[in-house]
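> One structure, as structure tokens, below. Some questions next.
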Amino acid sequence: MGGTRQLAQQNCRLTVLEPEETVVSPQETEQVEKPTTESTVPKSEVKVIRRKLNGYVGFANLPKQWHRKSIRRGFSLNLLVVGERSLGKSTLINTLFNKDLYPVDSFSKASFPDPEEPVKVSVETVSADIEENNVKLSLTVIDCPGFGEGINNTDTWKPIVDEVNSRFDKYLEAETKINRSTIVDNRVHACLYFIEPTGHSLKPLDITFMKQIHEKVNLIPVIAKSDTLTEKEIQEFKQRILDDINNQGIKLFNPPEYDHDDEETRAASRQIMAKAPFAVVGSTNQIQTPDGRIVRGRSYPWGIIEIDNEDHCDFIKLRQLLIRNFMEELKEITANKLYENYRTAKLKKLGIEQDDSVFREFDPVLKQEEEKQLHEAKLANMEAQLRSIFQSKVSKEEKKLQETEADLFAKHKEMRDKLLKQIKLLEEKKKELELAKPLHEPTHSAPTKTRKGFLR
Ligand SMILES: Nc1nc2c(ncn2[C@@H]2O[C@H](COP(=O)(O)OP(=O)(O)OP(=O)(O)O)[C@@H](O)[C@H]2O)c(=O)[nH]1
Ligand SMILES: [Mg+2]
């Protein structure tokens with residue numbers, strides 16, 4: 001198998017620009033950087049900066065750096081495998097990664113569940129580090145024995161959806177910790193859903209499960225044990241499955257097309273996706289074909305079915321999707337779309353709203369403006385306080401002055417009244433004296449002197 005060997009290259013393609021797009025040879029000495037604001041800025045103001053690359057800069061080597069880093073770090077994939085009992089799930093995983101991750105035993109304890117006991121779906125995880133041409137892949141397969149085995153399978157999907165959610169939750173929790181450098185990505189990157197090869201159409205259980213999970217994982221449906229159907233049956237079965245999936249609005253994994261992908265890459269991915277739902281056959285047994293080749297396959301009295309032969313089944317295409325072509329795509333969609341949606345919904349449910357002011361302190365202009373406004377408000381407040389103190393003092397003094405004025409006026413009136421009384425008394429006395437004067441004074445007496453200004 002040539003799967004993980006291609007991973008580093010695949011990673012390079014996704015993360016950095018193609019070398020031929022970024023490399024500028026010394027001969028190409030002139031490059032014009034066109035400002036992106038061309039449409040909004042008037043032509044006269046557009047500043048064209050001309051730069052010359054006077055030699056080899058070195059960024060053409062970035063993909064190699066990335067390649068080395070990828071090899072050092074290795075890759076990881078978490079694969080959820082769901083399907084009814086004995087559909088060949090474990091066999092297919094072993095076949096995909098060419099390793100006996102699971103013991104395959106069709107007559108295991110799971111084969112004979114007690115019909116009296118309610119069947120519980122459990123979640124079992126198997127991890128393995130596999131290596132191919134020095135490229136390491138840390139693989140985790142999440143198996144869900146018990147799925148669809150009960151008499152009533154209404155909630156058989158629930159423990160599986162819970163498992164996917166809890167993996168998202170753990171990632172969310174790890175992200176909110178102060179130290180995020182050691183986050184391990186345990187999120188489910190893809191879900192292989194095994195459809196029983198009935199040849200009819202999807203069962204209600206298939207539809208229920210896919211509807212419950214399609215917005216949380218990259219869903220990849222496979223037709224299990226497709227060697228039990230004829231080529232024609234497979235084609236018709238595939239069409240009916242796709243019709244059901246479309247009618248139910250179920251979203252399947254679909255790799256995005258990039259502008260810089262060449263036609264060959266686009267054609268390859270179209271060819272892969274055209275096979276969905278993948279009609280697979282699994283086997284790790286090596287058998288000899290009539291023409292003497294040793295192949296992985298299943299042998300029947302009527303012939304041999306070769307696993308790694310694209311004319312016999314879609315196993316190769318499924319492997320290309322999962323490992324060779326789109327492993328990084330599966331992880332990116334999980335992280336950027338599925339997990340993001342889950343995270344947003346979860347935080348909103350907790351009542352957490354996006355608070356843009358959180359980042360305001362990082363904007364010095366905004367911060368300055370805010371401080372200025374605060375300062376001005378403080379000043380206005382102080383001014384109002386001083387004004388009110390001043391006002392109350394002035395009105396107090398005014399009141400005091402008014403009181404004193406009234407007092408003075410009363411005193412003045414009292415004194416005036418007193419004086420008027422005295423005048424009156426004195427005038428009366430004067431009159432009395434004037435009347436009494438001719439009786440006592442002699443006629444030759446000296447002439448009377450009138451004093452000027454006295455009680456006239
Ligand atoms: N015809 C055929 N048989 C298969 C295929 N894959 C697996 N088997 C057989 O089916 C039986 C069950 O295979 P497993 O891989 O254990 O199936 P499983 O889905 O993991 O089973 P449980 O874990 O018990 O649910 C074994 O006898 C396999 O040899 C296949 O593609 N075609
Ligand atoms: Mg199994």
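Simple scheme: letters A, B, ... for chains in structure tokens order, numbers from 1 for residues in each chain, numbers from 1 for ligands in the order shown.
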Once you count only C-alpha atoms and all ligand atoms, which residues end up within 10 Å of ligand 1, and could you hand them over as a PyMOL selection string?
chain A and resi 81-95+102-112+143-149+194+197+223-229+279-285+297-300+305+307+313+315
> Hey, can you check how far CA of Leu322 in chain A sits from CA of Asp261 in chain A?
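Computing the Euclidean distance for CA of Leu322 in chain A and CA of Asp261 in chain A yields 18.8 Å.
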> One decimal, Å: what's the distance from CA of Glu175 in chain A over to CA of Arg343 in chain A, could you say?
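CA of Arg343 in chain A lies 10.9 Å from CA of Glu175 in chain A.
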> Nearest residue to ligand 2 out of A:Glu124, A:Asp206, A:Glu383, A:Glu432, using only C-alpha atoms and all ligand atoms?
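The answer is A:Glu124, which sits nearest to ligand 2.
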> Any chance you could list, as a PDB file with N, CA, C and O atoms, in the first residue's frame, the residues in range 52-295 of chain A that come up strand (DSSP E or B) when DSSP is run on the backbone?

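Contents of the output file out.pdb:
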```pdb
ATOM      1  N   LYS A  52      13.179  44.435  -6.751  1.00  0.00           N
ATOM      2  CA  LYS A  52      14.009  43.542  -7.542  1.00  0.00           C
ATOM      3  C   LYS A  52      14.494  42.407  -6.654  1.00  0.00           C
ATOM      4  O   LYS A  52      14.922  42.641  -5.518  1.00  0.00           O
ATOM      5  N   PHE A  75       1.870  11.886  11.745  1.00  0.00           N
ATOM      6  CA  PHE A  75       0.479  12.238  11.446  1.00  0.00           C
ATOM      7  C   PHE A  75      -0.439  11.451  12.365  1.00  0.00           C
ATOM      8  O   PHE A  75      -0.029  10.461  12.958  1.00  0.00           O
ATOM      9  N   SER A  76      -1.664  11.916  12.449  1.00  0.00           N
ATOM     10  CA  SER A  76      -2.617  11.169  13.278  1.00  0.00           C
ATOM     11  C   SER A  76      -3.980  11.172  12.606  1.00  0.00           C
ATOM     12  O   SER A  76      -4.315  12.097  11.860  1.00  0.00           O
ATOM     13  N   LEU A  77      -4.724  10.107  12.857  1.00  0.00           N
ATOM     14  CA  LEU A  77      -6.073  10.009  12.296  1.00  0.00           C
ATOM     15  C   LEU A  77      -6.965   9.263  13.282  1.00  0.00           C
ATOM     16  O   LEU A  77      -6.581   8.215  13.809  1.00  0.00           O
ATOM     17  N   ASN A  78      -8.125   9.839  13.542  1.00  0.00           N
ATOM     18  CA  ASN A  78      -9.098   9.186  14.419  1.00  0.00           C
ATOM     19  C   ASN A  78     -10.310   8.806  13.578  1.00  0.00           C
ATOM     20  O   ASN A  78     -10.980   9.669  13.028  1.00  0.00           O
ATOM     21  N   LEU A  79     -10.543   7.520  13.501  1.00  0.00           N
ATOM     22  CA  LEU A  79     -11.558   7.005  12.591  1.00  0.00           C
ATOM     23  C   LEU A  79     -12.672   6.319  13.380  1.00  0.00           C
ATOM     24  O   LEU A  79     -12.410   5.427  14.195  1.00  0.00           O
ATOM     25  N   LEU A  80     -13.902   6.764  13.145  1.00  0.00           N
ATOM     26  CA  LEU A  80     -15.049   6.132  13.801  1.00  0.00           C
ATOM     27  C   LEU A  80     -15.640   5.116  12.829  1.00  0.00           C
ATOM     28  O   LEU A  80     -15.858   5.418  11.659  1.00  0.00           O
ATOM     29  N   VAL A  81     -15.880   3.909  13.345  1.00  0.00           N
ATOM     30  CA  VAL A  81     -16.393   2.837  12.490  1.00  0.00           C
ATOM     31  C   VAL A  81     -17.734   2.382  13.048  1.00  0.00           C
ATOM     32  O   VAL A  81     -17.812   1.931  14.190  1.00  0.00           O
ATOM     33  N   VAL A  82     -18.776   2.552  12.248  1.00  0.00           N
ATOM     34  CA  VAL A  82     -20.121   2.211  12.743  1.00  0.00           C
ATOM     35  C   VAL A  82     -20.830   1.328  11.724  1.00  0.00           C
ATOM     36  O   VAL A  82     -20.739   1.550  10.515  1.00  0.00           O
ATOM     37  N   GLY A  83     -21.511   0.342  12.235  1.00  0.00           N
ATOM     38  CA  GLY A  83     -22.285  -0.532  11.359  1.00  0.00           C
ATOM     39  C   GLY A  83     -22.832  -1.679  12.175  1.00  0.00           C
ATOM     40  O   GLY A  83     -22.368  -1.949  13.291  1.00  0.00           O
ATOM     41  N   GLU A 124     -15.444   1.302  21.880  1.00  0.00           N
ATOM     42  CA  GLU A 124     -14.130   0.688  22.113  1.00  0.00           C
ATOM     43  C   GLU A 124     -13.102   1.345  21.199  1.00  0.00           C
ATOM     44  O   GLU A 124     -13.353   1.532  20.010  1.00  0.00           O
ATOM     45  N   THR A 125     -11.972   1.671  21.804  1.00  0.00           N
ATOM     46  CA  THR A 125     -10.954   2.388  21.033  1.00  0.00           C
ATOM     47  C   THR A 125      -9.690   1.548  20.895  1.00  0.00           C
ATOM     48  O   THR A 125      -9.226   0.957  21.872  1.00  0.00           O
ATOM     49  N   VAL A 126      -9.177   1.494  19.692  1.00  0.00           N
ATOM     50  CA  VAL A 126      -7.915   0.780  19.453  1.00  0.00           C
ATOM     51  C   VAL A 126      -6.948   1.771  18.814  1.00  0.00           C
ATOM     52  O   VAL A 126      -7.314   2.458  17.855  1.00  0.00           O
ATOM     53  N   SER A 127      -5.747   1.863  19.372  1.00  0.00           N
ATOM     54  CA  SER A 127      -4.757   2.777  18.796  1.00  0.00           C
ATOM     55  C   SER A 127      -3.535   2.011  18.343  1.00  0.00           C
ATOM     56  O   SER A 127      -3.168   0.987  18.933  1.00  0.00           O
ATOM     57  N   ALA A 128      -2.909   2.518  17.306  1.00  0.00           N
ATOM     58  CA  ALA A 128      -1.681   1.867  16.826  1.00  0.00           C
ATOM     59  C   ALA A 128      -0.820   2.901  16.123  1.00  0.00           C
ATOM     60  O   ALA A 128      -1.337   3.820  15.482  1.00  0.00           O
ATOM     61  N   ASP A 129       0.481   2.787  16.303  1.00  0.00           N
ATOM     62  CA  ASP A 129       1.403   3.654  15.565  1.00  0.00           C
ATOM     63  C   ASP A 129       1.933   2.844  14.408  1.00  0.00           C
ATOM     64  O   ASP A 129       2.566   1.802  14.610  1.00  0.00           O
ATOM     65  N   ILE A 130       1.642   3.282  13.223  1.00  0.00           N
ATOM     66  CA  ILE A 130       2.138   2.539  12.067  1.00  0.00           C
ATOM     67  C   ILE A 130       3.115   3.416  11.302  1.00  0.00           C
ATOM     68  O   ILE A 130       3.087   4.640  11.392  1.00  0.00           O
ATOM     69  N   GLU A 131       4.002   2.759  10.571  1.00  0.00           N
ATOM     70  CA  GLU A 131       5.053   3.505   9.891  1.00  0.00           C
ATOM     71  C   GLU A 131       5.217   2.972   8.478  1.00  0.00           C
ATOM     72  O   GLU A 131       5.118   1.770   8.236  1.00  0.00           O
ATOM     73  N   GLU A 132       5.422   3.891   7.557  1.00  0.00           N
ATOM     74  CA  GLU A 132       5.641   3.496   6.175  1.00  0.00           C
ATOM     75  C   GLU A 132       6.697   4.439   5.599  1.00  0.00           C
ATOM     76  O   GLU A 132       6.506   5.664   5.609  1.00  0.00           O
ATOM     77  N   VAL A 135       7.527   7.520   7.506  1.00  0.00           N
ATOM     78  CA  VAL A 135       6.419   8.424   7.847  1.00  0.00           C
ATOM     79  C   VAL A 135       5.559   7.705   8.879  1.00  0.00           C
ATOM     80  O   VAL A 135       5.101   6.584   8.651  1.00  0.00           O
ATOM     81  N   LYS A 136       5.400   8.402  10.033  1.00  0.00           N
ATOM     82  CA  LYS A 136       4.660   7.753  11.126  1.00  0.00           C
ATOM     83  C   LYS A 136       3.191   8.195  11.106  1.00  0.00           C
ATOM     84  O   LYS A 136       2.894   9.367  10.891  1.00  0.00           O
ATOM     85  N   LEU A 137       2.321   7.240  11.372  1.00  0.00           N
ATOM     86  CA  LEU A 137       0.900   7.567  11.467  1.00  0.00           C
ATOM     87  C   LEU A 137       0.360   6.973  12.767  1.00  0.00           C
ATOM     88  O   LEU A 137       0.482   5.773  13.021  1.00  0.00           O
ATOM     89  N   SER A 138      -0.185   7.875  13.583  1.00  0.00           N
ATOM     90  CA  SER A 138      -0.793   7.417  14.826  1.00  0.00           C
ATOM     91  C   SER A 138      -2.295   7.252  14.558  1.00  0.00           C
ATOM     92  O   SER A 138      -3.004   8.232  14.348  1.00  0.00           O
ATOM     93  N   LEU A 139      -2.723   6.011  14.535  1.00  0.00           N
ATOM     94  CA  LEU A 139      -4.091   5.715  14.130  1.00  0.00           C
ATOM     95  C   LEU A 139      -4.943   5.301  15.335  1.00  0.00           C
ATOM     96  O   LEU A 139      -4.508   4.507  16.166  1.00  0.00           O
ATOM     97  N   THR A 140      -6.126   5.889  15.422  1.00  0.00           N
ATOM     98  CA  THR A 140      -7.074   5.490  16.470  1.00  0.00           C
ATOM     99  C   THR A 140      -8.379   5.102  15.800  1.00  0.00           C
ATOM    100  O   THR A 140      -8.929   5.883  15.017  1.00  0.00           O
ATOM    101  N   VAL A 141      -8.829   3.885  16.084  1.00  0.00           N
ATOM    102  CA  VAL A 141     -10.100   3.432  15.513  1.00  0.00           C
ATOM    103  C   VAL A 141     -11.101   3.304  16.659  1.00  0.00           C
ATOM    104  O   VAL A 141     -10.824   2.703  17.703  1.00  0.00           O
ATOM    105  N   ILE A 142     -12.246   3.940  16.465  1.00  0.00           N
ATOM    106  CA  ILE A 142     -13.292   3.904  17.492  1.00  0.00           C
ATOM    107  C   ILE A 142     -14.405   3.004  16.963  1.00  0.00           C
ATOM    108  O   ILE A 142     -15.055   3.323  15.968  1.00  0.00           O
ATOM    109  N   ASP A 143     -14.576   1.895  17.618  1.00  0.00           N
ATOM    110  CA  ASP A 143     -15.552   0.892  17.200  1.00  0.00           C
ATOM    111  C   ASP A 143     -16.751   0.970  18.160  1.00  0.00           C
ATOM    112  O   ASP A 143     -16.587   1.328  19.325  1.00  0.00           O
ATOM    113  N   ALA A 190     -13.187  11.191  10.765  1.00  0.00           N
ATOM    114  CA  ALA A 190     -14.038  10.613   9.717  1.00  0.00           C
ATOM    115  C   ALA A 190     -14.843   9.473  10.308  1.00  0.00           C
ATOM    116  O   ALA A 190     -14.425   8.839  11.281  1.00  0.00           O
ATOM    117  N   CYS A 191     -16.013   9.235   9.721  1.00  0.00           N
ATOM    118  CA  CYS A 191     -16.846   8.129  10.182  1.00  0.00           C
ATOM    119  C   CYS A 191     -17.168   7.239   8.988  1.00  0.00           C
ATOM    120  O   CYS A 191     -17.773   7.675   8.006  1.00  0.00           O
ATOM    121  N   LEU A 192     -16.723   5.974   9.096  1.00  0.00           N
ATOM    122  CA  LEU A 192     -17.061   4.998   8.057  1.00  0.00           C
ATOM    123  C   LEU A 192     -18.359   4.341   8.483  1.00  0.00           C
ATOM    124  O   LEU A 192     -18.416   3.696   9.535  1.00  0.00           O
ATOM    125  N   TYR A 193     -19.398   4.530   7.685  1.00  0.00           N
ATOM    126  CA  TYR A 193     -20.668   3.912   8.043  1.00  0.00           C
ATOM    127  C   TYR A 193     -20.937   2.726   7.120  1.00  0.00           C
ATOM    128  O   TYR A 193     -21.012   2.882   5.898  1.00  0.00           O
ATOM    129  N   PHE A 194     -21.075   1.558   7.724  1.00  0.00           N
ATOM    130  CA  PHE A 194     -21.241   0.317   6.965  1.00  0.00           C
ATOM    131  C   PHE A 194     -22.718   0.041   6.686  1.00  0.00           C
ATOM    132  O   PHE A 194     -23.513  -0.101   7.609  1.00  0.00           O
ATOM    133  N   ILE A 195     -23.042  -0.049   5.402  1.00  0.00           N
ATOM    134  CA  ILE A 195     -24.426  -0.336   4.996  1.00  0.00           C
ATOM    135  C   ILE A 195     -24.524  -1.815   4.638  1.00  0.00           C
ATOM    136  O   ILE A 195     -23.670  -2.351   3.915  1.00  0.00           O
ATOM    137  N   LEU A 219     -18.801  12.192   7.043  1.00  0.00           N
ATOM    138  CA  LEU A 219     -19.491  10.913   6.888  1.00  0.00           C
ATOM    139  C   LEU A 219     -19.123  10.253   5.557  1.00  0.00           C
ATOM    140  O   LEU A 219     -19.245  10.878   4.500  1.00  0.00           O
ATOM    141  N   ILE A 220     -18.650   9.001   5.666  1.00  0.00           N
ATOM    142  CA  ILE A 220     -18.286   8.252   4.450  1.00  0.00           C
ATOM    143  C   ILE A 220     -19.035   6.918   4.490  1.00  0.00           C
ATOM    144  O   ILE A 220     -18.674   6.015   5.254  1.00  0.00           O
ATOM    145  N   PRO A 221     -20.082   6.767   3.688  1.00  0.00           N
ATOM    146  CA  PRO A 221     -20.810   5.500   3.716  1.00  0.00           C
ATOM    147  C   PRO A 221     -20.123   4.449   2.840  1.00  0.00           C
ATOM    148  O   PRO A 221     -19.586   4.786   1.781  1.00  0.00           O
ATOM    149  N   VAL A 222     -20.139   3.220   3.310  1.00  0.00           N
ATOM    150  CA  VAL A 222     -19.579   2.123   2.505  1.00  0.00           C
ATOM    151  C   VAL A 222     -20.584   0.981   2.447  1.00  0.00           C
ATOM    152  O   VAL A 222     -21.328   0.743   3.403  1.00  0.00           O
ATOM    153  N   ILE A 223     -20.614   0.297   1.304  1.00  0.00           N
ATOM    154  CA  ILE A 223     -21.472  -0.889   1.195  1.00  0.00           C
ATOM    155  C   ILE A 223     -20.610  -2.067   1.631  1.00  0.00           C
ATOM    156  O   ILE A 223     -19.596  -2.379   0.989  1.00  0.00           O
ATOM    157  N   PHE A 278     -18.882   3.677  -1.217  1.00  0.00           N
ATOM    158  CA  PHE A 278     -17.852   2.742  -1.675  1.00  0.00           C
ATOM    159  C   PHE A 278     -18.256   1.281  -1.427  1.00  0.00           C
ATOM    160  O   PHE A 278     -18.539   0.899  -0.295  1.00  0.00           O
ATOM    161  N   ALA A 279     -18.270   0.522  -2.510  1.00  0.00           N
ATOM    162  CA  ALA A 279     -18.606  -0.906  -2.380  1.00  0.00           C
ATOM    163  C   ALA A 279     -17.309  -1.640  -2.046  1.00  0.00           C
ATOM    164  O   ALA A 279     -16.438  -1.774  -2.908  1.00  0.00           O
ATOM    165  N   GLN A 286      -3.738 -13.697   2.022  1.00  0.00           N
ATOM    166  CA  GLN A 286      -3.000 -13.726   0.750  1.00  0.00           C
ATOM    167  C   GLN A 286      -3.404 -15.002   0.007  1.00  0.00           C
ATOM    168  O   GLN A 286      -3.340 -16.093   0.579  1.00  0.00           O
ATOM    169  N   ILE A 287      -3.829 -14.845  -1.216  1.00  0.00           N
ATOM    170  CA  ILE A 287      -4.188 -16.038  -1.994  1.00  0.00           C
ATOM    171  C   ILE A 287      -3.547 -15.972  -3.377  1.00  0.00           C
ATOM    172  O   ILE A 287      -3.179 -14.889  -3.840  1.00  0.00           O
ATOM    173  N   GLN A 288      -3.453 -17.150  -3.973  1.00  0.00           N
ATOM    174  CA  GLN A 288      -2.815 -17.205  -5.291  1.00  0.00           C
ATOM    175  C   GLN A 288      -3.875 -17.234  -6.391  1.00  0.00           C
ATOM    176  O   GLN A 288      -4.832 -18.010  -6.333  1.00  0.00           O
ATOM    177  N   ILE A 294       0.205 -13.416  -6.203  1.00  0.00           N
ATOM    178  CA  ILE A 294      -0.230 -13.517  -4.804  1.00  0.00           C
ATOM    179  C   ILE A 294      -0.948 -12.214  -4.471  1.00  0.00           C
ATOM    180  O   ILE A 294      -0.369 -11.128  -4.582  1.00  0.00           O
ATOM    181  N   VAL A 295      -2.203 -12.325  -4.125  1.00  0.00           N
ATOM    182  CA  VAL A 295      -2.998 -11.113  -3.875  1.00  0.00           C
ATOM    183  C   VAL A 295      -3.752 -11.228  -2.556  1.00  0.00           C
ATOM    184  O   VAL A 295      -3.923 -12.332  -2.018  1.00  0.00           O
TER     185      VAL A 295
END
```
> Which residues, written as a PyMOL selection string, have at least one atom at most 12 Å from Ile245 in chain A, with only C-alpha atoms counted and residues fewer than 3 positions away on the same chain left out?
chain A and resi 201-204+206-211+214+219-221+238-242+248-252+276-277
> Select, from A:Pro63, A:Pro118, A:Gly199, A:Pro255, the residue with the minimum atom-to-atom distance to Lys331 in chain A, counting only C-alpha atoms.
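Nearest candidate to Lys331 in chain A out of A:Pro63, A:Pro118, A:Gly199, A:Pro255: A:Pro255.
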> Range 207-400 of chain A: which residues are alpha helix (DSSP H) by DSSP, as a PyMOL selection string?
chain A and resi 207-213+231-247+263-273+315-319+327-333+339-349+364-400
> Might you pull out every residue within 7 Å of Leu330 in chain A, with only C-alpha atoms counted and same-chain residues fewer than 2 positions away left off, and present them as a PyMOL selection string?
chain A and resi 189-190+218+326-328+332-334
> Keeping all heavy atoms, export the residues of the selection given above as a short mmCIF file (atom, residue, chain, number, x, y, z; two decimals), in the first residue's frame.

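File again-v5.cif, as written:
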```
data_model
loop_
_atom_site.label_atom_id
_atom_site.label_comp_id
_atom_site.auth_asym_id
_atom_site.auth_seq_id
_atom_site.Cartn_x
_atom_site.Cartn_y
_atom_site.Cartn_z
N HIS A 189 -12.16 12.33 13.03
CA HIS A 189 -11.89 12.98 11.74
C HIS A 189 -12.74 12.43 10.60
O HIS A 189 -12.94 13.10 9.60
CB HIS A 189 -10.40 12.83 11.38
CG HIS A 189 -9.52 13.45 12.41
ND1 HIS A 189 -8.45 12.79 12.99
CD2 HIS A 189 -9.55 14.66 13.00
CE1 HIS A 189 -7.86 13.58 13.87
NE2 HIS A 189 -8.51 14.71 13.90
N ALA A 190 -13.19 11.19 10.76
CA ALA A 190 -14.04 10.61 9.72
C ALA A 190 -14.84 9.47 10.31
O ALA A 190 -14.43 8.84 11.28
CB ALA A 190 -13.19 10.10 8.56
N ASN A 218 -17.13 13.87 9.29
CA ASN A 218 -17.06 13.65 7.85
C ASN A 218 -17.61 12.25 7.59
O ASN A 218 -16.97 11.25 7.92
CB ASN A 218 -15.60 13.70 7.39
CG ASN A 218 -15.07 15.11 7.39
OD1 ASN A 218 -15.65 16.00 6.78
ND2 ASN A 218 -13.96 15.32 8.08
N PHE A 326 -6.90 12.53 0.89
CA PHE A 326 -7.69 13.52 1.63
C PHE A 326 -7.60 13.44 3.15
O PHE A 326 -8.47 13.99 3.84
CB PHE A 326 -9.16 13.44 1.20
CG PHE A 326 -9.38 13.75 -0.24
CD1 PHE A 326 -10.05 12.86 -1.07
CD2 PHE A 326 -8.90 14.93 -0.79
CE1 PHE A 326 -10.25 13.15 -2.40
CE2 PHE A 326 -9.09 15.22 -2.13
CZ PHE A 326 -9.76 14.33 -2.94
N MET A 327 -6.57 12.80 3.68
CA MET A 327 -6.50 12.71 5.14
C MET A 327 -6.42 14.11 5.77
O MET A 327 -7.12 14.41 6.74
CB MET A 327 -5.31 11.87 5.58
CG MET A 327 -5.32 11.63 7.08
SD MET A 327 -3.86 10.81 7.67
CE MET A 327 -4.21 9.14 7.25
N GLU A 328 -5.60 14.96 5.21
CA GLU A 328 -5.46 16.32 5.75
C GLU A 328 -6.75 17.12 5.56
O GLU A 328 -7.11 17.94 6.38
CB GLU A 328 -4.29 17.05 5.10
CG GLU A 328 -2.95 16.65 5.67
CD GLU A 328 -2.85 16.87 7.18
OE1 GLU A 328 -3.16 17.98 7.63
OE2 GLU A 328 -2.47 15.93 7.90
N GLU A 332 -8.87 18.97 8.36
CA GLU A 332 -9.13 20.41 8.25
C GLU A 332 -10.62 20.70 8.35
O GLU A 332 -11.03 21.62 9.03
CB GLU A 332 -8.60 20.94 6.91
CG GLU A 332 -7.28 21.65 7.11
CD GLU A 332 -6.80 22.31 5.84
OE1 GLU A 332 -7.59 22.98 5.16
OE2 GLU A 332 -5.63 22.12 5.54
N ILE A 333 -11.42 19.89 7.65
CA ILE A 333 -12.87 20.11 7.71
C ILE A 333 -13.38 19.88 9.13
O ILE A 333 -14.21 20.62 9.65
CB ILE A 333 -13.61 19.21 6.68
CG1 ILE A 333 -13.25 19.68 5.27
CG2 ILE A 333 -15.12 19.24 6.89
CD1 ILE A 333 -13.78 18.83 4.14
N THR A 334 -12.81 18.85 9.79
CA THR A 334 -13.21 18.59 11.17
C THR A 334 -12.90 19.80 12.04
O THR A 334 -13.75 20.25 12.82
CB THR A 334 -12.45 17.36 11.72
OG1 THR A 334 -12.71 16.26 10.86
CG2 THR A 334 -12.87 17.02 13.13
#
```
> One decimal, Å: what's the distance from CA of Gly351 in chain A over to CA of Glu173 in chain A, could you say?
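Distance reported for this atom pair: 16.5 Å.
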